[in-house]
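File shown here: my_file_3.pdb, holding PDB, N, CA and C atoms.
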```
ATOM      1  N   MET A1041       1.725  12.234  15.616  1.00  0.00           N
ATOM      2  CA  MET A1041       2.564  11.562  14.629  1.00  0.00           C
ATOM      3  C   MET A1041       3.431  12.611  13.959  1.00  0.00           C
ATOM      4  N   GLY A1042       4.658  12.254  13.718  1.00  0.00           N
ATOM      5  CA  GLY A1042       5.590  13.172  13.067  1.00  0.00           C
ATOM      6  C   GLY A1042       5.349  13.258  11.569  1.00  0.00           C
ATOM      7  N   ARG A1043       6.351  13.733  10.893  1.00  0.00           N
ATOM      8  CA  ARG A1043       6.271  13.887   9.437  1.00  0.00           C
ATOM      9  C   ARG A1043       6.106  12.527   8.777  1.00  0.00           C
ATOM     10  N   ILE A1044       5.187  12.459   7.806  1.00  0.00           N
ATOM     11  CA  ILE A1044       4.952  11.233   7.051  1.00  0.00           C
ATOM     12  C   ILE A1044       5.689  11.360   5.724  1.00  0.00           C
ATOM     13  N   TYR A1045       6.539  10.387   5.433  1.00  0.00           N
ATOM     14  CA  TYR A1045       7.359  10.452   4.218  1.00  0.00           C
ATOM     15  C   TYR A1045       7.535   9.070   3.604  1.00  0.00           C
ATOM     16  N   ASN A1046       7.833   9.042   2.323  1.00  0.00           N
ATOM     17  CA  ASN A1046       8.032   7.808   1.582  1.00  0.00           C
ATOM     18  C   ASN A1046       9.243   7.068   2.134  1.00  0.00           C
ATOM     19  N   GLY A1047       9.077   5.787   2.460  1.00  0.00           N
ATOM     20  CA  GLY A1047      10.157   4.969   2.974  1.00  0.00           C
ATOM     21  C   GLY A1047      10.267   4.957   4.486  1.00  0.00           C
ATOM     22  N   MET A1048       9.384   5.684   5.170  1.00  0.00           N
ATOM     23  CA  MET A1048       9.430   5.707   6.622  1.00  0.00           C
ATOM     24  C   MET A1048       9.058   4.330   7.168  1.00  0.00           C
ATOM     25  N   PRO A1049       9.452   4.005   8.394  1.00  0.00           N
ATOM     26  CA  PRO A1049       9.059   2.724   8.980  1.00  0.00           C
ATOM     27  C   PRO A1049       7.527   2.640   9.094  1.00  0.00           C
ATOM     28  N   ALA A1050       6.954   1.594   8.546  1.00  0.00           N
ATOM     29  CA  ALA A1050       5.499   1.445   8.571  1.00  0.00           C
ATOM     30  C   ALA A1050       4.962   1.417   9.999  1.00  0.00           C
ATOM     31  N   LYS A1051       5.749   0.894  10.930  1.00  0.00           N
ATOM     32  CA  LYS A1051       5.282   0.824  12.321  1.00  0.00           C
ATOM     33  C   LYS A1051       5.041   2.212  12.913  1.00  0.00           C
ATOM     34  N   ALA A1052       5.673   3.241  12.356  1.00  0.00           N
ATOM     35  CA  ALA A1052       5.465   4.607  12.830  1.00  0.00           C
ATOM     36  C   ALA A1052       4.068   5.118  12.471  1.00  0.00           C
ATOM     37  N   LEU A1053       3.399   4.434  11.555  1.00  0.00           N
ATOM     38  CA  LEU A1053       2.041   4.819  11.163  1.00  0.00           C
ATOM     39  C   LEU A1053       0.979   4.121  12.022  1.00  0.00           C
ATOM     40  N   GLY A1054       1.424   3.285  12.944  1.00  0.00           N
ATOM     41  CA  GLY A1054       0.505   2.583  13.829  1.00  0.00           C
ATOM     42  C   GLY A1054       0.096   1.226  13.290  1.00  0.00           C
ATOM     43  N   THR A1055      -0.694   0.530  14.080  1.00  0.00           N
ATOM     44  CA  THR A1055      -1.122  -0.821  13.711  1.00  0.00           C
ATOM     45  C   THR A1055      -2.590  -0.881  13.305  1.00  0.00           C
ATOM     46  N   GLU A1056      -3.339   0.160  13.567  1.00  0.00           N
ATOM     47  CA  GLU A1056      -4.777   0.180  13.266  1.00  0.00           C
ATOM     48  C   GLU A1056      -5.044   0.704  11.863  1.00  0.00           C
ATOM     49  N   GLY A1057      -6.043   0.125  11.213  1.00  0.00           N
ATOM     50  CA  GLY A1057      -6.514   0.640   9.933  1.00  0.00           C
ATOM     51  C   GLY A1057      -5.878   0.045   8.689  1.00  0.00           C
ATOM     52  N   TRP A1058      -4.897  -0.821   8.843  1.00  0.00           N
ATOM     53  CA  TRP A1058      -4.277  -1.459   7.680  1.00  0.00           C
ATOM     54  C   TRP A1058      -5.241  -2.509   7.119  1.00  0.00           C
ATOM     55  N   HIS A1059      -5.367  -2.552   5.786  1.00  0.00           N
ATOM     56  CA  HIS A1059      -6.249  -3.505   5.097  1.00  0.00           C
ATOM     57  C   HIS A1059      -5.428  -4.336   4.122  1.00  0.00           C
ATOM     58  N   LYS A1060      -5.916  -5.534   3.833  1.00  0.00           N
ATOM     59  CA  LYS A1060      -5.270  -6.439   2.878  1.00  0.00           C
ATOM     60  C   LYS A1060      -6.191  -6.656   1.679  1.00  0.00           C
ATOM     61  N   PRO A1061      -6.346  -5.644   0.830  1.00  0.00           N
ATOM     62  CA  PRO A1061      -7.277  -5.780  -0.297  1.00  0.00           C
ATOM     63  C   PRO A1061      -6.798  -6.739  -1.370  1.00  0.00           C
ATOM     64  N   TRP A1062      -5.519  -7.080  -1.370  1.00  0.00           N
ATOM     65  CA  TRP A1062      -4.976  -7.939  -2.429  1.00  0.00           C
ATOM     66  C   TRP A1062      -4.489  -9.264  -1.894  1.00  0.00           C
ATOM     67  N   SER A1063      -5.060  -9.772  -0.820  1.00  0.00           N
ATOM     68  CA  SER A1063      -4.586 -11.024  -0.251  1.00  0.00           C
ATOM     69  C   SER A1063      -5.411 -12.193  -0.760  1.00  0.00           C
ATOM     70  N   GLY A1064      -4.929 -13.360  -0.474  1.00  0.00           N
ATOM     71  CA  GLY A1064      -5.674 -14.568  -0.821  1.00  0.00           C
ATOM     72  C   GLY A1064      -4.869 -15.519  -1.681  1.00  0.00           C
ATOM     73  N   GLY A1065      -4.716 -16.736  -1.200  1.00  0.00           N
ATOM     74  CA  GLY A1065      -4.096 -17.784  -1.987  1.00  0.00           C
ATOM     75  C   GLY A1065      -2.601 -17.631  -2.229  1.00  0.00           C
ATOM     76  N   ASN A1066      -1.939 -16.791  -1.453  1.00  0.00           N
ATOM     77  CA  ASN A1066      -0.510 -16.595  -1.705  1.00  0.00           C
ATOM     78  C   ASN A1066       0.330 -16.872  -0.456  1.00  0.00           C
ATOM     79  N   GLY A1067      -0.177 -17.671   0.448  1.00  0.00           N
ATOM     80  CA  GLY A1067       0.582 -18.037   1.631  1.00  0.00           C
ATOM     81  C   GLY A1067       0.740 -16.936   2.658  1.00  0.00           C
ATOM     82  N   GLY A1068      -0.100 -15.920   2.613  1.00  0.00           N
ATOM     83  CA  GLY A1068      -0.056 -14.860   3.603  1.00  0.00           C
ATOM     84  C   GLY A1068       0.816 -13.675   3.241  1.00  0.00           C
ATOM     85  N   SER A1069       1.486 -13.733   2.124  1.00  0.00           N
ATOM     86  CA  SER A1069       2.324 -12.621   1.689  1.00  0.00           C
ATOM     87  C   SER A1069       1.508 -11.714   0.780  1.00  0.00           C
ATOM     88  N   CYS A1070       1.268 -10.487   1.237  1.00  0.00           N
ATOM     89  CA  CYS A1070       0.456  -9.581   0.428  1.00  0.00           C
ATOM     90  C   CYS A1070       0.812  -8.131   0.740  1.00  0.00           C
ATOM     91  N   VAL A1071       0.201  -7.245   0.016  1.00  0.00           N
ATOM     92  CA  VAL A1071       0.372  -5.812   0.229  1.00  0.00           C
ATOM     93  C   VAL A1071      -0.760  -5.334   1.128  1.00  0.00           C
ATOM     94  N   GLU A1072      -0.417  -4.522   2.122  1.00  0.00           N
ATOM     95  CA  GLU A1072      -1.412  -3.929   3.002  1.00  0.00           C
ATOM     96  C   GLU A1072      -1.480  -2.427   2.726  1.00  0.00           C
ATOM     97  N   ALA A1073      -2.678  -1.875   2.827  1.00  0.00           N
ATOM     98  CA  ALA A1073      -2.890  -0.458   2.537  1.00  0.00           C
ATOM     99  C   ALA A1073      -3.510   0.245   3.731  1.00  0.00           C
ATOM    100  N   LEU A1074      -3.111   1.495   3.909  1.00  0.00           N
ATOM    101  CA  LEU A1074      -3.643   2.338   4.979  1.00  0.00           C
ATOM    102  C   LEU A1074      -3.967   3.702   4.380  1.00  0.00           C
ATOM    103  N   LYS A1075      -5.225   4.134   4.495  1.00  0.00           N
ATOM    104  CA  LYS A1075      -5.589   5.471   4.041  1.00  0.00           C
ATOM    105  C   LYS A1075      -5.264   6.447   5.153  1.00  0.00           C
ATOM    106  N   LEU A1076      -4.428   7.420   4.855  1.00  0.00           N
ATOM    107  CA  LEU A1076      -3.995   8.403   5.837  1.00  0.00           C
ATOM    108  C   LEU A1076      -5.017   9.534   5.948  1.00  0.00           C
ATOM    109  N   ALA A1077      -4.974  10.263   7.039  1.00  0.00           N
ATOM    110  CA  ALA A1077      -5.945  11.327   7.312  1.00  0.00           C
ATOM    111  C   ALA A1077      -5.960  12.403   6.232  1.00  0.00           C
ATOM    112  N   ASP A1078      -4.817  12.641   5.586  1.00  0.00           N
ATOM    113  CA  ASP A1078      -4.757  13.675   4.551  1.00  0.00           C
ATOM    114  C   ASP A1078      -5.105  13.162   3.158  1.00  0.00           C
ATOM    115  N   GLY A1079      -5.568  11.900   3.057  1.00  0.00           N
ATOM    116  CA  GLY A1079      -5.984  11.332   1.778  1.00  0.00           C
ATOM    117  C   GLY A1079      -4.925  10.503   1.080  1.00  0.00           C
ATOM    118  N   ARG A1080      -3.673  10.628   1.518  1.00  0.00           N
ATOM    119  CA  ARG A1080      -2.638   9.796   0.921  1.00  0.00           C
ATOM    120  C   ARG A1080      -2.831   8.348   1.357  1.00  0.00           C
ATOM    121  N   VAL A1081      -2.151   7.437   0.643  1.00  0.00           N
ATOM    122  CA  VAL A1081      -2.260   6.013   0.938  1.00  0.00           C
ATOM    123  C   VAL A1081      -0.866   5.464   1.201  1.00  0.00           C
ATOM    124  N   ALA A1082      -0.741   4.698   2.287  1.00  0.00           N
ATOM    125  CA  ALA A1082       0.510   4.021   2.612  1.00  0.00           C
ATOM    126  C   ALA A1082       0.367   2.548   2.254  1.00  0.00           C
ATOM    127  N   LEU A1083       1.411   1.978   1.674  1.00  0.00           N
ATOM    128  CA  LEU A1083       1.455   0.550   1.359  1.00  0.00           C
ATOM    129  C   LEU A1083       2.643  -0.063   2.082  1.00  0.00           C
ATOM    130  N   ARG A1084       2.452  -1.292   2.573  1.00  0.00           N
ATOM    131  CA  ARG A1084       3.546  -2.036   3.208  1.00  0.00           C
ATOM    132  C   ARG A1084       3.415  -3.508   2.863  1.00  0.00           C
ATOM    133  N   GLN A1085       4.503  -4.234   3.025  1.00  0.00           N
ATOM    134  CA  GLN A1085       4.515  -5.675   2.801  1.00  0.00           C
ATOM    135  C   GLN A1085       4.017  -6.366   4.066  1.00  0.00           C
ATOM    136  N   SER A1086       3.044  -7.252   3.941  1.00  0.00           N
ATOM    137  CA  SER A1086       2.455  -7.884   5.131  1.00  0.00           C
ATOM    138  C   SER A1086       3.460  -8.734   5.901  1.00  0.00           C
ATOM    139  N   THR A1087       4.430  -9.303   5.221  1.00  0.00           N
ATOM    140  CA  THR A1087       5.414 -10.137   5.905  1.00  0.00           C
ATOM    141  C   THR A1087       6.483  -9.306   6.611  1.00  0.00           C
ATOM    142  N   ASP A1088       6.479  -7.998   6.404  1.00  0.00           N
ATOM    143  CA  ASP A1088       7.445  -7.101   7.051  1.00  0.00           C
ATOM    144  C   ASP A1088       6.723  -5.836   7.507  1.00  0.00           C
ATOM    145  N   PRO A1089       5.787  -5.956   8.452  1.00  0.00           N
ATOM    146  CA  PRO A1089       4.981  -4.800   8.859  1.00  0.00           C
ATOM    147  C   PRO A1089       5.773  -3.674   9.511  1.00  0.00           C
ATOM    148  N   ASP A1090       6.994  -3.949   9.936  1.00  0.00           N
ATOM    149  CA  ASP A1090       7.832  -2.907  10.515  1.00  0.00           C
ATOM    150  C   ASP A1090       8.765  -2.292   9.477  1.00  0.00           C
ATOM    151  N   GLY A1091       8.744  -2.823   8.260  1.00  0.00           N
ATOM    152  CA  GLY A1091       9.608  -2.331   7.192  1.00  0.00           C
ATOM    153  C   GLY A1091       9.123  -1.003   6.638  1.00  0.00           C
ATOM    154  N   PRO A1092       9.661  -0.602   5.494  1.00  0.00           N
ATOM    155  CA  PRO A1092       9.314   0.707   4.941  1.00  0.00           C
ATOM    156  C   PRO A1092       7.891   0.766   4.385  1.00  0.00           C
ATOM    157  N   ALA A1093       7.312   1.944   4.492  1.00  0.00           N
ATOM    158  CA  ALA A1093       6.000   2.215   3.895  1.00  0.00           C
ATOM    159  C   ALA A1093       6.203   3.097   2.672  1.00  0.00           C
ATOM    160  N   LEU A1094       5.520   2.753   1.615  1.00  0.00           N
ATOM    161  CA  LEU A1094       5.519   3.602   0.423  1.00  0.00           C
ATOM    162  C   LEU A1094       4.286   4.491   0.515  1.00  0.00           C
ATOM    163  N   ILE A1095       4.461   5.784   0.343  1.00  0.00           N
ATOM    164  CA  ILE A1095       3.382   6.755   0.506  1.00  0.00           C
ATOM    165  C   ILE A1095       3.016   7.323  -0.860  1.00  0.00           C
ATOM    166  N   TYR A1096       1.740   7.244  -1.206  1.00  0.00           N
ATOM    167  CA  TYR A1096       1.266   7.715  -2.505  1.00  0.00           C
ATOM    168  C   TYR A1096       0.179   8.771  -2.343  1.00  0.00           C
ATOM    169  N   ALA A1097       0.192   9.749  -3.234  1.00  0.00           N
ATOM    170  CA  ALA A1097      -0.849  10.774  -3.275  1.00  0.00           C
ATOM    171  C   ALA A1097      -2.150  10.150  -3.785  1.00  0.00           C
ATOM    172  N   PRO A1098      -3.289  10.731  -3.423  1.00  0.00           N
ATOM    173  CA  PRO A1098      -4.570  10.172  -3.871  1.00  0.00           C
ATOM    174  C   PRO A1098      -4.653   9.986  -5.390  1.00  0.00           C
ATOM    175  N   GLN A1099      -4.159  10.965  -6.149  1.00  0.00           N
ATOM    176  CA  GLN A1099      -4.250  10.844  -7.606  1.00  0.00           C
ATOM    177  C   GLN A1099      -3.353   9.733  -8.144  1.00  0.00           C
ATOM    178  N   GLU A1100      -2.239   9.453  -7.472  1.00  0.00           N
ATOM    179  CA  GLU A1100      -1.357   8.358  -7.894  1.00  0.00           C
ATOM    180  C   GLU A1100      -2.046   7.007  -7.695  1.00  0.00           C
ATOM    181  N   ILE A1101      -2.678   6.816  -6.566  1.00  0.00           N
ATOM    182  CA  ILE A1101      -3.394   5.569  -6.290  1.00  0.00           C
ATOM    183  C   ILE A1101      -4.561   5.417  -7.258  1.00  0.00           C
ATOM    184  N   LYS A1102      -5.271   6.507  -7.507  1.00  0.00           N
ATOM    185  CA  LYS A1102      -6.404   6.456  -8.439  1.00  0.00           C
ATOM    186  C   LYS A1102      -5.949   6.016  -9.821  1.00  0.00           C
ATOM    187  N   LYS A1103      -4.867   6.615 -10.329  1.00  0.00           N
ATOM    188  CA  LYS A1103      -4.348   6.253 -11.660  1.00  0.00           C
ATOM    189  C   LYS A1103      -3.872   4.808 -11.689  1.00  0.00           C
ATOM    190  N   PHE A1104      -3.220   4.356 -10.613  1.00  0.00           N
ATOM    191  CA  PHE A1104      -2.748   2.981 -10.545  1.00  0.00           C
ATOM    192  C   PHE A1104      -3.907   1.996 -10.615  1.00  0.00           C
ATOM    193  N   ILE A1105      -4.934   2.225  -9.793  1.00  0.00           N
ATOM    194  CA  ILE A1105      -6.087   1.312  -9.767  1.00  0.00           C
ATOM    195  C   ILE A1105      -6.827   1.336 -11.100  1.00  0.00           C
ATOM    196  N   GLN A1106      -7.019   2.521 -11.664  1.00  0.00           N
ATOM    197  CA  GLN A1106      -7.678   2.610 -12.967  1.00  0.00           C
ATOM    198  C   GLN A1106      -6.872   1.864 -14.032  1.00  0.00           C
ATOM    199  N   GLY A1107      -5.554   2.035 -14.021  1.00  0.00           N
ATOM    200  CA  GLY A1107      -4.701   1.362 -14.986  1.00  0.00           C
ATOM    201  C   GLY A1107      -4.724  -0.147 -14.819  1.00  0.00           C
ATOM    202  N   ALA A1108      -4.694  -0.612 -13.568  1.00  0.00           N
ATOM    203  CA  ALA A1108      -4.748  -2.053 -13.318  1.00  0.00           C
ATOM    204  C   ALA A1108      -6.071  -2.632 -13.806  1.00  0.00           C
ATOM    205  N   LYS A1109      -7.166  -1.924 -13.550  1.00  0.00           N
ATOM    206  CA  LYS A1109      -8.476  -2.383 -14.016  1.00  0.00           C
ATOM    207  C   LYS A1109      -8.548  -2.423 -15.543  1.00  0.00           C
ATOM    208  N   ALA A1110      -7.858  -1.500 -16.188  1.00  0.00           N
ATOM    209  CA  ALA A1110      -7.870  -1.433 -17.650  1.00  0.00           C
ATOM    210  C   ALA A1110      -6.907  -2.437 -18.286  1.00  0.00           C
ATOM    211  N   GLY A1111      -6.110  -3.137 -17.470  1.00  0.00           N
ATOM    212  CA  GLY A1111      -5.187  -4.134 -18.000  1.00  0.00           C
ATOM    213  C   GLY A1111      -3.794  -3.597 -18.286  1.00  0.00           C
ATOM    214  N   ASP A1112      -3.528  -2.353 -17.891  1.00  0.00           N
ATOM    215  CA  ASP A1112      -2.231  -1.751 -18.187  1.00  0.00           C
ATOM    216  C   ASP A1112      -1.063  -2.440 -17.490  1.00  0.00           C
ATOM    217  N   ALA A1113      -1.336  -3.193 -16.435  1.00  0.00           N
ATOM    218  CA  ALA A1113      -0.271  -3.878 -15.701  1.00  0.00           C
ATOM    219  C   ALA A1113      -0.234  -5.381 -15.983  1.00  0.00           C
ATOM    220  N   ASP A1114      -0.988  -5.832 -16.964  1.00  0.00           N
ATOM    221  CA  ASP A1114      -1.040  -7.262 -17.263  1.00  0.00           C
ATOM    222  C   ASP A1114       0.320  -7.834 -17.651  1.00  0.00           C
ATOM    223  N   PHE A1115       1.213  -6.997 -18.152  1.00  0.00           N
ATOM    224  CA  PHE A1115       2.551  -7.476 -18.531  1.00  0.00           C
ATOM    225  C   PHE A1115       3.293  -8.043 -17.322  1.00  0.00           C
ATOM    226  N   LEU A1116       2.914  -7.631 -16.114  1.00  0.00           N
ATOM    227  CA  LEU A1116       3.566  -8.126 -14.904  1.00  0.00           C
ATOM    228  C   LEU A1116       3.184  -9.582 -14.601  1.00  0.00           C
ATOM    229  N   LEU A1117       2.120 -10.060 -15.207  1.00  0.00           N
ATOM    230  CA  LEU A1117       1.644 -11.411 -14.960  1.00  0.00           C
ATOM    231  C   LEU A1117       2.237 -12.434 -15.930  1.00  0.00           C
ATOM    232  N   ALA A1118       2.851 -11.964 -16.987  1.00  0.00           N
ATOM    233  CA  ALA A1118       3.369 -12.880 -18.023  1.00  0.00           C
ATOM    234  C   ALA A1118       4.759 -13.369 -17.687  1.00  0.00           C
TER     235      ALA A1118
END
```
Please render this file's structure as structure tokens.
Amino acid sequence: MGRIYNGMPAKALGTEGWHKPWSGGNGGSCVEALKLADGRVALRQSTDPDGPALIYAPQEIKKFIQGAKAGDADFLLA
């Protein structure tokens, strides 16, 4: 695999290992996550699996999940 970068085509990361931890009850449209070998996490839109992948460092994903659990993103639901 070549260089992994933010915005790269998700299909370049392969088809194996993608998970849908946030799916359910939304008509099949969800975010899929892939843990990369170096610990980074790739996210893609399930309805566009060949579209761009957003690549996050482990500490960025950790802070995001901790913040979501703490309610820091609840404003997005209002």
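Residues of chain A that DSSP, applied to the backbone, places in strand (DSSP E): Val1071, Glu1072, Ala1073, Leu1074, Lys1075, Val1081, Ala1082, Leu1083, Arg1084, Gln1085, Leu1094, Ile1095 and Tyr1096 of chain A.
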Write to file, as a CSV table (one decimal), in the coordinates of the input, the residues of the selection just made, with N, CA and C atoms.
```
chain,number,residue,atom,x,y,z
A,1071,VAL,N,0.2,-7.2,0.0
A,1071,VAL,CA,0.4,-5.8,0.2
A,1071,VAL,C,-0.8,-5.3,1.1
A,1072,GLU,N,-0.4,-4.5,2.1
A,1072,GLU,CA,-1.4,-3.9,3.0
A,1072,GLU,C,-1.5,-2.4,2.7
A,1073,ALA,N,-2.7,-1.9,2.8
A,1073,ALA,CA,-2.9,-0.5,2.5
A,1073,ALA,C,-3.5,0.2,3.7
A,1074,LEU,N,-3.1,1.5,3.9
A,1074,LEU,CA,-3.6,2.3,5.0
A,1074,LEU,C,-4.0,3.7,4.4
A,1075,LYS,N,-5.2,4.1,4.5
A,1075,LYS,CA,-5.6,5.5,4.0
A,1075,LYS,C,-5.3,6.4,5.2
A,1081,VAL,N,-2.2,7.4,0.6
A,1081,VAL,CA,-2.3,6.0,0.9
A,1081,VAL,C,-0.9,5.5,1.2
A,1082,ALA,N,-0.7,4.7,2.3
A,1082,ALA,CA,0.5,4.0,2.6
A,1082,ALA,C,0.4,2.5,2.3
A,1083,LEU,N,1.4,2.0,1.7
A,1083,LEU,CA,1.5,0.6,1.4
A,1083,LEU,C,2.6,-0.1,2.1
A,1084,ARG,N,2.5,-1.3,2.6
A,1084,ARG,CA,3.5,-2.0,3.2
A,1084,ARG,C,3.4,-3.5,2.9
A,1085,GLN,N,4.5,-4.2,3.0
A,1085,GLN,CA,4.5,-5.7,2.8
A,1085,GLN,C,4.0,-6.4,4.1
A,1094,LEU,N,5.5,2.8,1.6
A,1094,LEU,CA,5.5,3.6,0.4
A,1094,LEU,C,4.3,4.5,0.5
A,1095,ILE,N,4.5,5.8,0.3
A,1095,ILE,CA,3.4,6.8,0.5
A,1095,ILE,C,3.0,7.3,-0.9
A,1096,TYR,N,1.7,7.2,-1.2
A,1096,TYR,CA,1.3,7.7,-2.5
A,1096,TYR,C,0.2,8.8,-2.3
```
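Across the structure, atom N of Pro1098 (chain A) and atom N of Arg1080 (chain A) are spaced 5.0 Å apart.
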Exercise. So which residues of chain A fall under helix (DSSP H, G or I) by DSSP, listed as a ChimeraX atom specification?
Worked result: /A:1050-1053,1098-1110,1114-1117
Problem set entry | Residues matched by the PyMOL selection byres (((chain A and resi 1090 and name CA) around 8) and name CA), written as a VMD selection string | chain A and resid 1049 to 1051 1088 to 1089 1091 to 1092
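Note that CA of Ala1097 (chain A) and atom N of Gly1079 (chain A) are 8.0 Å apart.
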Problem set entry | Explicit residue set for the PyMOL selection byres (((chain A and resi 1053-1064 and name CA) around 10) and name CA), as a count of residues only | 28
For this session: Tell me, in Å to one decimal, how far atom C of Val1081 (chain A) is from atom C of Tyr1045 (chain A).
Result: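 Between atom C of Val1081 (chain A) and atom C of Tyr1045 (chain A) the gap is 9.5 Å.
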